[in-house]
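Enquirer: Would you mind keeping the following structure in view while I ask a few things?
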Amino acid sequence: MAKGHYNQESPYFGMAKLSKKLIIRVPFLGPDGMALFPFILVRRPDPGPTLLNHERIHLRQQLELGIVPFYLWYVIEYLIRRWQYSDHYTAYRNISFEREAFSNEHNLQYLTTRAWFAFSRYLHTVQKA
Ligand SMILES: [Zn+2]
């Protein structure tokens with residue numbers, strides 16, 4: 001999930017591998033974007049490349065773990081981070097999946113060189129929002 005990422009450039013720049021058919025607009029979606037392998041759900045009609053790249057990183061994570069284990073891990077890690085940090089947003093930003101996605105969302109070539117299970121490198125990274 002991601003909040004607040006928009007870009008004026010073409011949303012498909014550098015993303016030849018991401019079919020537009022896999023991007024589904026859900027106007028009532030809470031966050032700006034959400035990855036649900038193999039789909040990317042977006043709230044607004046104009047998702048920028050940064051948002052799409054962020055969600056693509058989550059798709060890769062889901063491909064590695066499987067959708068159900070990914071979301072189980074996501075929720076459990078969120079609860080741990082919620083205990084670790086004081087507020088919802090900081091807890092969310094410090095989930096390892098989000099640390100990896102936010103750290104690399106501006107690098108549109110990131111997924112071409114990313115190592116498998118790279119999110120695990122972000123488990124111990126201290127990175128506050
Ligand atoms: Zn995210």
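Chain lettering (A, B, ...) mirrors the order of the structure tokens, residue numbering begins at 1 for each chain separately, and ligand numbering begins at 1 in order of display.
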Would you name the residues within 12 Å of ligand 1, counting only C-alpha atoms and all ligand atoms, and put them as a VMD selection string?

Expert: chain A and resid 1 to 5 31 to 36 40 to 41 50 to 62 71 74 89 92 to 105 119

Enquirer: Kindly save the residues from that selection, with N, CA and C atoms included, as a compact mmCIF listing (two decimals), in the first residue's frame.

Expert:
# COMPACT_ATOMS: atom_id res chain seq x y z
N MET A 1 0.84 -1.19 0.00
CA MET A 1 0.00 0.00 0.00
C MET A 1 0.88 1.24 0.00
N ALA A 2 0.37 2.29 -0.55
CA ALA A 2 1.15 3.52 -0.58
C ALA A 2 0.20 4.71 -0.51
N LYS A 3 0.71 5.77 0.04
CA LYS A 3 -0.07 6.99 0.08
C LYS A 3 0.77 8.14 -0.50
N GLY A 4 0.10 9.00 -1.27
CA GLY A 4 0.72 10.24 -1.68
C GLY A 4 1.83 10.15 -2.71
N HIS A 5 1.66 9.34 -3.72
CA HIS A 5 2.68 9.30 -4.75
C HIS A 5 2.07 9.57 -6.11
N PRO A 31 -6.15 3.28 0.34
CA PRO A 31 -4.85 3.84 -0.04
C PRO A 31 -4.81 4.19 -1.52
N ASP A 32 -3.79 4.93 -1.96
CA ASP A 32 -3.66 5.31 -3.37
C ASP A 32 -3.46 4.09 -4.25
N GLY A 33 -2.77 3.09 -3.70
CA GLY A 33 -2.48 1.90 -4.48
C GLY A 33 -2.41 0.69 -3.58
N MET A 34 -2.64 -0.48 -4.18
CA MET A 34 -2.57 -1.71 -3.41
C MET A 34 -2.23 -2.85 -4.36
N ALA A 35 -1.28 -3.66 -3.96
CA ALA A 35 -0.88 -4.80 -4.79
C ALA A 35 -1.63 -6.04 -4.36
N LEU A 36 -2.23 -6.70 -5.32
CA LEU A 36 -2.94 -7.95 -5.06
C LEU A 36 -2.61 -8.86 -6.24
N ILE A 40 -2.61 -4.62 -9.73
CA ILE A 40 -2.35 -3.41 -8.95
C ILE A 40 -3.66 -2.63 -8.93
N LEU A 41 -4.17 -2.41 -7.74
CA LEU A 41 -5.39 -1.62 -7.61
C LEU A 41 -4.98 -0.17 -7.34
N THR A 50 5.98 6.31 -9.97
CA THR A 50 6.52 6.00 -8.64
C THR A 50 5.55 5.11 -7.87
N LEU A 51 4.28 5.48 -7.92
CA LEU A 51 3.27 4.66 -7.24
C LEU A 51 3.22 3.25 -7.84
N LEU A 52 3.22 3.18 -9.18
CA LEU A 52 3.15 1.87 -9.82
C LEU A 52 4.40 1.05 -9.51
N ASN A 53 5.56 1.72 -9.47
CA ASN A 53 6.79 0.99 -9.15
C ASN A 53 6.74 0.48 -7.71
N HIS A 54 6.23 1.29 -6.82
CA HIS A 54 6.06 0.88 -5.42
C HIS A 54 5.22 -0.40 -5.33
N GLU A 55 4.12 -0.39 -6.05
CA GLU A 55 3.22 -1.55 -6.01
C GLU A 55 3.83 -2.75 -6.73
N ARG A 56 4.62 -2.48 -7.76
CA ARG A 56 5.31 -3.59 -8.45
C ARG A 56 6.30 -4.29 -7.52
N ILE A 57 6.94 -3.50 -6.67
CA ILE A 57 7.86 -4.10 -5.69
C ILE A 57 7.07 -5.02 -4.75
N HIS A 58 5.86 -4.58 -4.36
CA HIS A 58 5.02 -5.46 -3.53
C HIS A 58 4.58 -6.71 -4.30
N LEU A 59 4.33 -6.57 -5.60
CA LEU A 59 3.96 -7.74 -6.40
C LEU A 59 5.09 -8.77 -6.39
N ARG A 60 6.32 -8.26 -6.47
CA ARG A 60 7.47 -9.17 -6.45
C ARG A 60 7.57 -9.88 -5.10
N GLN A 61 7.33 -9.12 -4.05
CA GLN A 61 7.36 -9.71 -2.70
C GLN A 61 6.28 -10.79 -2.57
N GLN A 62 5.12 -10.50 -3.15
CA GLN A 62 4.01 -11.46 -3.08
C GLN A 62 4.30 -12.70 -3.93
N TYR A 71 0.39 -11.35 3.14
CA TYR A 71 -0.50 -10.51 3.93
C TYR A 71 -0.52 -10.90 5.41
N TYR A 74 2.58 -9.37 6.62
CA TYR A 74 2.37 -7.91 6.62
C TYR A 74 1.63 -7.47 7.89
N TYR A 89 1.25 5.48 11.31
CA TYR A 89 1.99 5.76 10.09
C TYR A 89 3.45 5.31 10.17
N TYR A 92 3.51 1.54 9.92
CA TYR A 92 3.30 1.14 8.52
C TYR A 92 4.55 1.34 7.68
N ARG A 93 5.18 2.50 7.83
CA ARG A 93 6.36 2.81 7.03
C ARG A 93 7.55 1.91 7.35
N ASN A 94 7.52 1.32 8.54
CA ASN A 94 8.65 0.49 8.95
C ASN A 94 8.44 -1.01 8.77
N ILE A 95 7.32 -1.41 8.19
CA ILE A 95 7.16 -2.81 7.80
C ILE A 95 8.23 -3.08 6.74
N SER A 96 8.93 -4.20 6.84
CA SER A 96 10.06 -4.45 5.92
C SER A 96 9.65 -4.34 4.45
N PHE A 97 8.45 -4.81 4.11
CA PHE A 97 7.98 -4.71 2.72
C PHE A 97 7.87 -3.24 2.30
N GLU A 98 7.40 -2.40 3.22
CA GLU A 98 7.26 -0.98 2.91
C GLU A 98 8.61 -0.27 2.90
N ARG A 99 9.49 -0.67 3.80
CA ARG A 99 10.84 -0.07 3.79
C ARG A 99 11.50 -0.30 2.43
N GLU A 100 11.40 -1.53 1.93
CA GLU A 100 12.00 -1.82 0.63
C GLU A 100 11.30 -1.03 -0.47
N ALA A 101 9.97 -1.02 -0.45
CA ALA A 101 9.22 -0.35 -1.51
C ALA A 101 9.46 1.16 -1.51
N PHE A 102 9.41 1.78 -0.33
CA PHE A 102 9.61 3.24 -0.27
C PHE A 102 11.06 3.61 -0.59
N SER A 103 12.01 2.76 -0.19
CA SER A 103 13.42 3.07 -0.44
C SER A 103 13.78 3.01 -1.92
N ASN A 104 13.03 2.23 -2.67
CA ASN A 104 13.41 1.99 -4.07
C ASN A 104 12.36 2.39 -5.09
N GLU A 105 11.25 2.99 -4.66
CA GLU A 105 10.16 3.29 -5.59
C GLU A 105 10.54 4.30 -6.67
N PHE A 119 13.53 -8.02 0.45
CA PHE A 119 12.84 -7.36 1.57
C PHE A 119 13.42 -7.77 2.92

Enquirer: Within 7 Å of segment 18-27 of chain A, which residues of segment 34-113 of chain A come that close, and what is the closest atom pair and distance in Å for each? Count only C-alpha atoms and give it as CSV.

Expert:
residue,atom,partner,partner_atom,distance
A:Pro38,CA,A:Leu22,CA,6.8
A:Phe39,CA,A:Leu22,CA,4.8
A:Ile40,CA,A:Ile23,CA,4.8
A:Leu41,CA,A:Ile24,CA,4.9
A:Val42,CA,A:Arg25,CA,4.9
A:Arg43,CA,A:Pro27,CA,4.6
A:Arg44,CA,A:Pro27,CA,6.3
A:Pro45,CA,A:Arg25,CA,6.6

Enquirer: Can you check which residues of chain A DSSP gives as alpha helix (DSSP H) on the backbone and send them as a PyMOL selection string?

Expert: chain A and resi 49-65+67-84+88-93+96-104+110-113

Enquirer: I'd like the contact shell of Ala91 of chain A - 10 Å cut-off, only C-alpha atoms, skipping same-chain residues fewer than 3 positions apart - returned as a list in words.

Expert: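 Those residues are Glu77, Tyr78, Leu79, Ile80, Arg81, Arg82, Trp83, Gln84, Tyr85, Ser86, Asp87, His88, Asn94, Ile95, Glu98, Lys128 and Ala129 of chain A.
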
Enquirer: Taking C-alpha atoms for each residue, export the selection above as a CSV table (one decimal), in the first residue's frame.

Expert:
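Resulting contents of selection12.csv:
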chain,number,residue,atom,x,y,z
A,77,GLU,CA,4.9,-7.3,11.2
A,78,TYR,CA,2.6,-4.2,11.3
A,79,LEU,CA,1.4,-5.2,14.8
A,80,ILE,CA,5.0,-5.7,16.0
A,81,ARG,CA,6.0,-2.3,14.5
A,82,ARG,CA,2.9,-0.7,16.1
A,83,TRP,CA,4.2,-2.0,19.4
A,84,GLN,CA,7.7,-0.8,18.5
A,85,TYR,CA,6.7,2.7,17.3
A,86,SER,CA,4.1,5.0,18.7
A,87,ASP,CA,1.8,5.7,15.8
A,88,HIS,CA,0.1,4.0,12.9
A,94,ASN,CA,8.7,0.5,9.0
A,95,ILE,CA,7.2,-2.8,7.8
A,98,GLU,CA,7.3,-1.0,2.9
A,128,LYS,CA,11.7,6.1,10.4
A,129,ALA,CA,9.2,7.9,8.2

Enquirer: How would you write, as a compact mmCIF listing (two decimals) with C-alpha atoms, in the first residue's frame, the set of residues in chain A that DSSP gives as strand (DSSP E)?

Expert:
# COMPACT_ATOMS: atom_id res chain seq x y z
CA ILE A 23 -3.94 -2.15 -13.34
CA ILE A 24 -7.46 -1.90 -11.99
CA ARG A 25 -9.04 1.33 -10.86
CA GLY A 33 -2.48 1.90 -4.48
CA MET A 34 -2.57 -1.71 -3.41
CA ALA A 35 -0.88 -4.80 -4.79
CA LEU A 36 -2.94 -7.95 -5.06
CA PHE A 39 -3.08 -6.95 -10.04
CA ILE A 40 -2.35 -3.41 -8.95
CA LEU A 41 -5.39 -1.62 -7.61
CA VAL A 42 -5.30 2.17 -7.84

Enquirer: Can you work out the spacing between atom CA of Pro49 of chain A and atom CA of His106 of chain A in Å, to one decimal?

Expert: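 For atom CA of Pro49 of chain A relative to atom CA of His106 of chain A, the distance reads 8.2 Å.
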